[in-house]
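Undergrad: You'll find coords_13.pdb just under this line, and it carries PDB, C-alpha atoms and all ligand atoms.
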ATOM      1  CA  MET A   1       1.022  -6.081  -3.781
ATOM      2  CA  ASP A   2       4.391  -6.820  -5.359
ATOM      3  CA  ASP A   3       5.738  -9.036  -2.583
ATOM      4  CA  CYS A   4       2.543 -10.951  -1.742
ATOM      5  CA  ILE A   5       2.788 -14.674  -2.490
ATOM      6  CA  PHE A   6      -0.985 -15.111  -2.802
ATOM      7  CA  CYS A   7      -1.255 -12.146  -5.225
ATOM      8  CA  LYS A   8       1.420 -13.904  -7.280
ATOM      9  CA  ILE A   9      -0.550 -17.162  -7.182
ATOM     10  CA  ALA A  10      -3.722 -15.284  -8.177
ATOM     11  CA  SER A  11      -1.979 -13.682 -11.162
ATOM     12  CA  GLY A  12      -0.241 -16.901 -12.242
ATOM     13  CA  GLN A  13       3.249 -15.530 -11.507
ATOM     14  CA  PHE A  14       3.800 -18.228  -8.871
ATOM     15  CA  GLU A  15       2.892 -21.855  -9.390
ATOM     16  CA  SER A  16       0.131 -23.524  -7.390
ATOM     17  CA  ASP A  17      -2.303 -26.400  -7.738
ATOM     18  CA  ILE A  18      -5.397 -24.408  -8.709
ATOM     19  CA  VAL A  19      -8.722 -26.218  -8.258
ATOM     20  CA  TYR A  20     -11.133 -23.342  -9.007
ATOM     21  CA  GLU A  21     -10.880 -19.909 -10.589
ATOM     22  CA  ASP A  22     -13.238 -17.147 -11.721
ATOM     23  CA  ASP A  23     -12.890 -13.404 -12.273
ATOM     24  CA  ASP A  24     -12.766 -12.625  -8.547
ATOM     25  CA  ILE A  25     -11.631 -15.763  -6.746
ATOM     26  CA  VAL A  26      -8.974 -18.445  -6.944
ATOM     27  CA  ALA A  27      -8.787 -21.689  -4.934
ATOM     28  CA  PHE A  28      -5.729 -23.910  -4.701
ATOM     29  CA  ASN A  29      -4.473 -26.824  -2.657
ATOM     30  CA  ASP A  30      -2.570 -25.889   0.484
ATOM     31  CA  ILE A  31       1.136 -26.690   0.148
ATOM     32  CA  ASN A  32       1.155 -28.212   3.648
ATOM     33  CA  PRO A  33      -2.231 -29.946   3.991
ATOM     34  CA  GLU A  34      -3.717 -30.501   7.452
ATOM     35  CA  ALA A  35      -6.516 -32.742   6.143
ATOM     36  CA  PRO A  36      -7.230 -34.879   3.053
ATOM     37  CA  THR A  37      -9.004 -31.843   1.617
ATOM     38  CA  HIS A  38      -7.202 -28.603   2.439
ATOM     39  CA  ILE A  39      -7.920 -25.890  -0.064
ATOM     40  CA  LEU A  40      -7.178 -22.174   0.254
ATOM     41  CA  ILE A  41      -9.799 -19.858  -1.231
ATOM     42  CA  ILE A  42      -8.811 -16.240  -1.794
ATOM     43  CA  PRO A  43     -10.154 -13.113  -3.436
ATOM     44  CA  LYS A  44      -7.891 -12.014  -6.280
ATOM     45  CA  ILE A  45      -7.981  -8.490  -4.862
ATOM     46  CA  HIS A  46      -5.502  -8.014  -2.012
ATOM     47  CA  PHE A  47      -6.862  -7.530   1.498
ATOM     48  CA  GLU A  48      -4.404  -8.108   4.292
ATOM     49  CA  SER A  49      -7.087  -9.599   6.532
ATOM     50  CA  LEU A  50     -10.799  -9.403   7.320
ATOM     51  CA  ASN A  51      -9.991  -6.257   9.298
ATOM     52  CA  ASP A  52      -9.257  -4.478   6.010
ATOM     53  CA  VAL A  53     -12.500  -5.355   4.205
ATOM     54  CA  SER A  54     -15.152  -2.649   3.923
ATOM     55  CA  ASP A  55     -18.902  -3.050   3.296
ATOM     56  CA  ALA A  56     -18.534  -2.154  -0.358
ATOM     57  CA  GLU A  57     -15.848  -4.759  -0.905
ATOM     58  CA  SER A  58     -17.416  -7.571   1.067
ATOM     59  CA  THR A  59     -19.447  -9.203  -1.738
ATOM     60  CA  VAL A  60     -16.549 -11.397  -2.780
ATOM     61  CA  LEU A  61     -16.416 -12.902   0.706
ATOM     62  CA  GLY A  62     -20.010 -14.089   0.331
ATOM     63  CA  LYS A  63     -19.107 -15.661  -2.991
ATOM     64  CA  ILE A  64     -16.223 -17.499  -1.316
ATOM     65  CA  ASN A  65     -18.734 -19.314   0.897
ATOM     66  CA  LEU A  66     -20.510 -20.656  -2.185
ATOM     67  CA  VAL A  67     -17.228 -21.650  -3.821
ATOM     68  CA  ALA A  68     -16.383 -23.552  -0.620
ATOM     69  CA  LYS A  69     -19.745 -25.316  -0.642
ATOM     70  CA  ASN A  70     -19.360 -26.321  -4.287
ATOM     71  CA  LEU A  71     -15.821 -27.615  -3.724
ATOM     72  CA  ALA A  72     -17.026 -29.589  -0.690
ATOM     73  CA  MET A  73     -19.850 -31.101  -2.763
ATOM     74  CA  ASP A  74     -17.442 -31.947  -5.602
ATOM     75  CA  ARG A  75     -15.207 -33.800  -3.167
ATOM     76  CA  GLY A  76     -18.054 -35.585  -1.385
ATOM     77  CA  ILE A  77     -17.246 -34.101   2.016
ATOM     78  CA  GLU A  78     -20.500 -32.153   2.434
ATOM     79  CA  SER A  79     -21.427 -34.159   5.545
ATOM     80  CA  GLY A  80     -18.607 -32.458   7.473
ATOM     81  CA  TYR A  81     -16.165 -29.774   6.539
ATOM     82  CA  ARG A  82     -14.842 -26.535   7.958
ATOM     83  CA  LEU A  83     -14.190 -23.095   6.536
ATOM     84  CA  VAL A  84     -11.539 -21.310   8.612
ATOM     85  CA  LEU A  85     -10.464 -17.688   8.479
ATOM     86  CA  ASN A  86      -7.502 -16.796  10.656
ATOM     87  CA  VAL A  87      -7.375 -13.071  11.350
ATOM     88  CA  GLY A  88      -4.094 -11.701  12.664
ATOM     89  CA  LYS A  89      -0.898 -13.229  13.987
ATOM     90  CA  GLU A  90      -2.409 -14.190  17.339
ATOM     91  CA  ALA A  91      -4.970 -16.323  15.497
ATOM     92  CA  GLY A  92      -2.285 -17.987  13.391
ATOM     93  CA  GLN A  93      -2.446 -15.895  10.220
ATOM     94  CA  THR A  94       0.944 -16.275   8.535
ATOM     95  CA  VAL A  95       0.165 -14.983   5.028
ATOM     96  CA  ASP A  96      -1.084 -11.403   4.886
ATOM     97  CA  HIS A  97      -3.562 -11.868   2.039
ATOM     98  CA  ILE A  98      -7.002 -12.871   3.301
ATOM     99  CA  HIS A  99      -7.589 -16.600   2.750
ATOM    100  CA  TYR A 100     -10.166 -19.155   3.811
ATOM    101  CA  HIS A 101      -9.099 -22.718   4.590
ATOM    102  CA  LEU A 102     -11.524 -25.391   3.390
ATOM    103  CA  LEU A 103     -10.758 -28.465   5.496
ATOM    104  CA  GLY A 104     -12.402 -31.881   5.345
ATOM    105  CA  GLY A 105     -12.076 -35.558   4.623
ATOM    106  CA  ARG A 106     -11.341 -36.501   8.211
ATOM    107  CA  ARG A 107     -12.975 -36.092  11.626
ATOM    108  CA  LEU A 108     -12.488 -32.486  12.738
ATOM    109  CA  THR A 109     -12.304 -31.814  16.443
ATOM    110  CA  TRP A 110     -13.688 -28.844  18.339
ATOM    111  CA  PRO A 111     -12.622 -26.460  19.767
ATOM    112  CA  PRO A 112      -9.701 -25.605  17.499
ATOM    113  CA  GLY A 113      -6.408 -24.860  19.230
TER     114      GLY A 113
HETATM  115  P1  LIG B   1      -2.530 -19.116   7.722
HETATM  116  O1  LIG B   1      -1.662 -19.737   8.776
HETATM  117  O2  LIG B   1      -2.019 -17.755   7.306
HETATM  118  O3  LIG B   1      -3.993 -19.076   8.069
HETATM  119  O4  LIG B   1      -2.440 -20.071   6.469
HETATM  120  C1  LIG B   1      -1.476 -19.937   5.483
HETATM  121  C2  LIG B   1      -1.517 -21.223   4.692
HETATM  122  O5  LIG B   1      -0.875 -21.002   3.448
HETATM  123  C3  LIG B   1      -0.774 -22.385   5.359
HETATM  124  O6  LIG B   1      -1.685 -23.468   5.544
HETATM  125  C4  LIG B   1       0.357 -22.713   4.393
HETATM  126  O7  LIG B   1       0.607 -24.084   4.318
HETATM  127  C5  LIG B   1      -0.151 -22.132   3.090
HETATM  128  N1  LIG B   1       0.870 -21.668   2.167
HETATM  129  C6  LIG B   1       1.896 -20.823   2.453
HETATM  130  N2  LIG B   1       2.626 -20.576   1.359
HETATM  131  C7  LIG B   1       2.051 -21.285   0.350
HETATM  132  C8  LIG B   1       2.356 -21.428  -1.034
HETATM  133  O8  LIG B   1       3.309 -20.855  -1.560
HETATM  134  N3  LIG B   1       1.545 -22.229  -1.759
HETATM  135  C9  LIG B   1       0.464 -22.874  -1.208
HETATM  136  N4  LIG B   1      -0.258 -23.653  -2.026
HETATM  137  N5  LIG B   1       0.152 -22.753   0.093
HETATM  138  C10 LIG B   1       0.927 -21.971   0.864
HETATM  139 ZN    ZN B   2      -1.966 -10.290  -1.902
END
For this file, produce the structure as structure tokens.
TA:
Amino acid sequence: MDDCIFCKIASGQFESDIVYEDDDIVAFNDINPEAPTHILIIPKIHFESLNDVSDAESTVLGKINLVAKNLAMDRGIESGYRLVLNVGKEAGQTVDHIHYHLLGGRRLTWPPG
């Protein structure tokens, strides 16, 4: 996707503070953090949202959960963190490349707004 900011981050065309990368996934600090730890974890392949992911393509989403766990462990926030996936504008999705927010390092309230 030529005009997708997260595709550009994944390919290194656009600068970001990358904290994890493998063949399929990249994780980077959110530019506008909502918590002491606020990392975005994305598949390198472009899906607009969870609504566009098929069975065959879903493996990478499972891997993202493990990447999130490992990042949480690395940062010592494993006693309380949140993995958030906003799907669609009504849920607050503003970037149309599927991304998980890893949030932690402070008390997180429930329910979310
Ligand atoms: P959404 O609201 O779509 O679930 O989350 C989008 C997130 O991407 C926001 O938390 C926003 O701060 C972050 N973001 C948007 N543009 C950039 C960028 O260019 N670089 C980084 N690191 N984060 C971004
Ligand atoms: Zn993209």
Undergrad: Residues of chain A that have any atom at most 8 Å from an atom of ligand ZN 2 (chain B): could you tabulate them with the shortest-distance atom pair and the distance in Å to one decimal, using all atoms listed in the file, ordered by chain and increasing number, as CSV?
TA:
residue,atom,partner,partner_atom,distance
A:Met1,CA,B:ZN2,ZN,5.5
A:Asp3,CA,B:ZN2,ZN,7.8
A:Cys4,CA,B:ZN2,ZN,4.6
A:Ile5,CA,B:ZN2,ZN,6.5
A:Phe6,CA,B:ZN2,ZN,5.0
A:Cys7,CA,B:ZN2,ZN,3.9
A:Lys8,CA,B:ZN2,ZN,7.3
A:Lys44,CA,B:ZN2,ZN,7.6
A:Ile45,CA,B:ZN2,ZN,6.9
A:His46,CA,B:ZN2,ZN,4.2
A:Phe47,CA,B:ZN2,ZN,6.6
A:Glu48,CA,B:ZN2,ZN,7.0
A:Asp96,CA,B:ZN2,ZN,6.9
A:His97,CA,B:ZN2,ZN,4.5
A:Ile98,CA,B:ZN2,ZN,7.7
Undergrad: Ligand LIG 1 (chain B): which residues are within 6 Å, counting all atoms listed in the file, as JSON, numbers by chain?
TA: {"A": [16, 29, 30, 31, 32, 86, 92, 93, 94, 95]}
Undergrad: Run through the PyMOL selection byres (((chain A and resi 66-68) around 12) and not hetatm) on the given coordinates and return the selected residues as JSON, numbers by chain.
TA: {"A": [19, 20, 21, 22, 24, 25, 26, 27, 28, 37, 38, 39, 40, 41, 42, 43, 59, 60, 61, 62, 63, 64, 65, 69, 70, 71, 72, 73, 74, 75, 77, 78, 81, 82, 83, 84, 99, 100, 101, 102, 103, 104]}
Undergrad: I'd like the box whose edges run along x, y and z of the file and which contains every listed atom of stretch 2-14 of chain A, padded by 5 Å per side; could you state its centre and edge lengths in Å, one decimal, as JSON?
TA:
{"center_x": 1.0, "center_y": -12.5, "center_z": -7.0, "size_x": 19.5, "size_y": 21.4, "size_z": 20.5}
Undergrad: Using all atoms listed in the file for the distances, tell me which of A:Ala91, A:Leu85, A:Ala10, A:Leu50 is nearest to A:Asp23.
TA: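 With all atoms listed in the file as the atom set, the closest residue is A:Ala10.
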Undergrad: Report, in Å with one decimal, the straight-line distance from atom CA of A:Glu34 to atom CA of A:Arg107.
TA: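 Going from atom CA of A:Glu34 over to atom CA of A:Arg107, I get 11.6 Å.
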Undergrad: For atom CA of A:Pro36 and atom CA of A:Gly80, quote the distance in Å rounded to one decimal.
TA: 12.4 Å
Undergrad: Could you tell me how far atom CA of A:Asn51 lies from atom CA of A:Glu90, in Å and to one decimal?
TA: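 Separation between atom CA of A:Asn51 and atom CA of A:Glu90: 13.6 Å.
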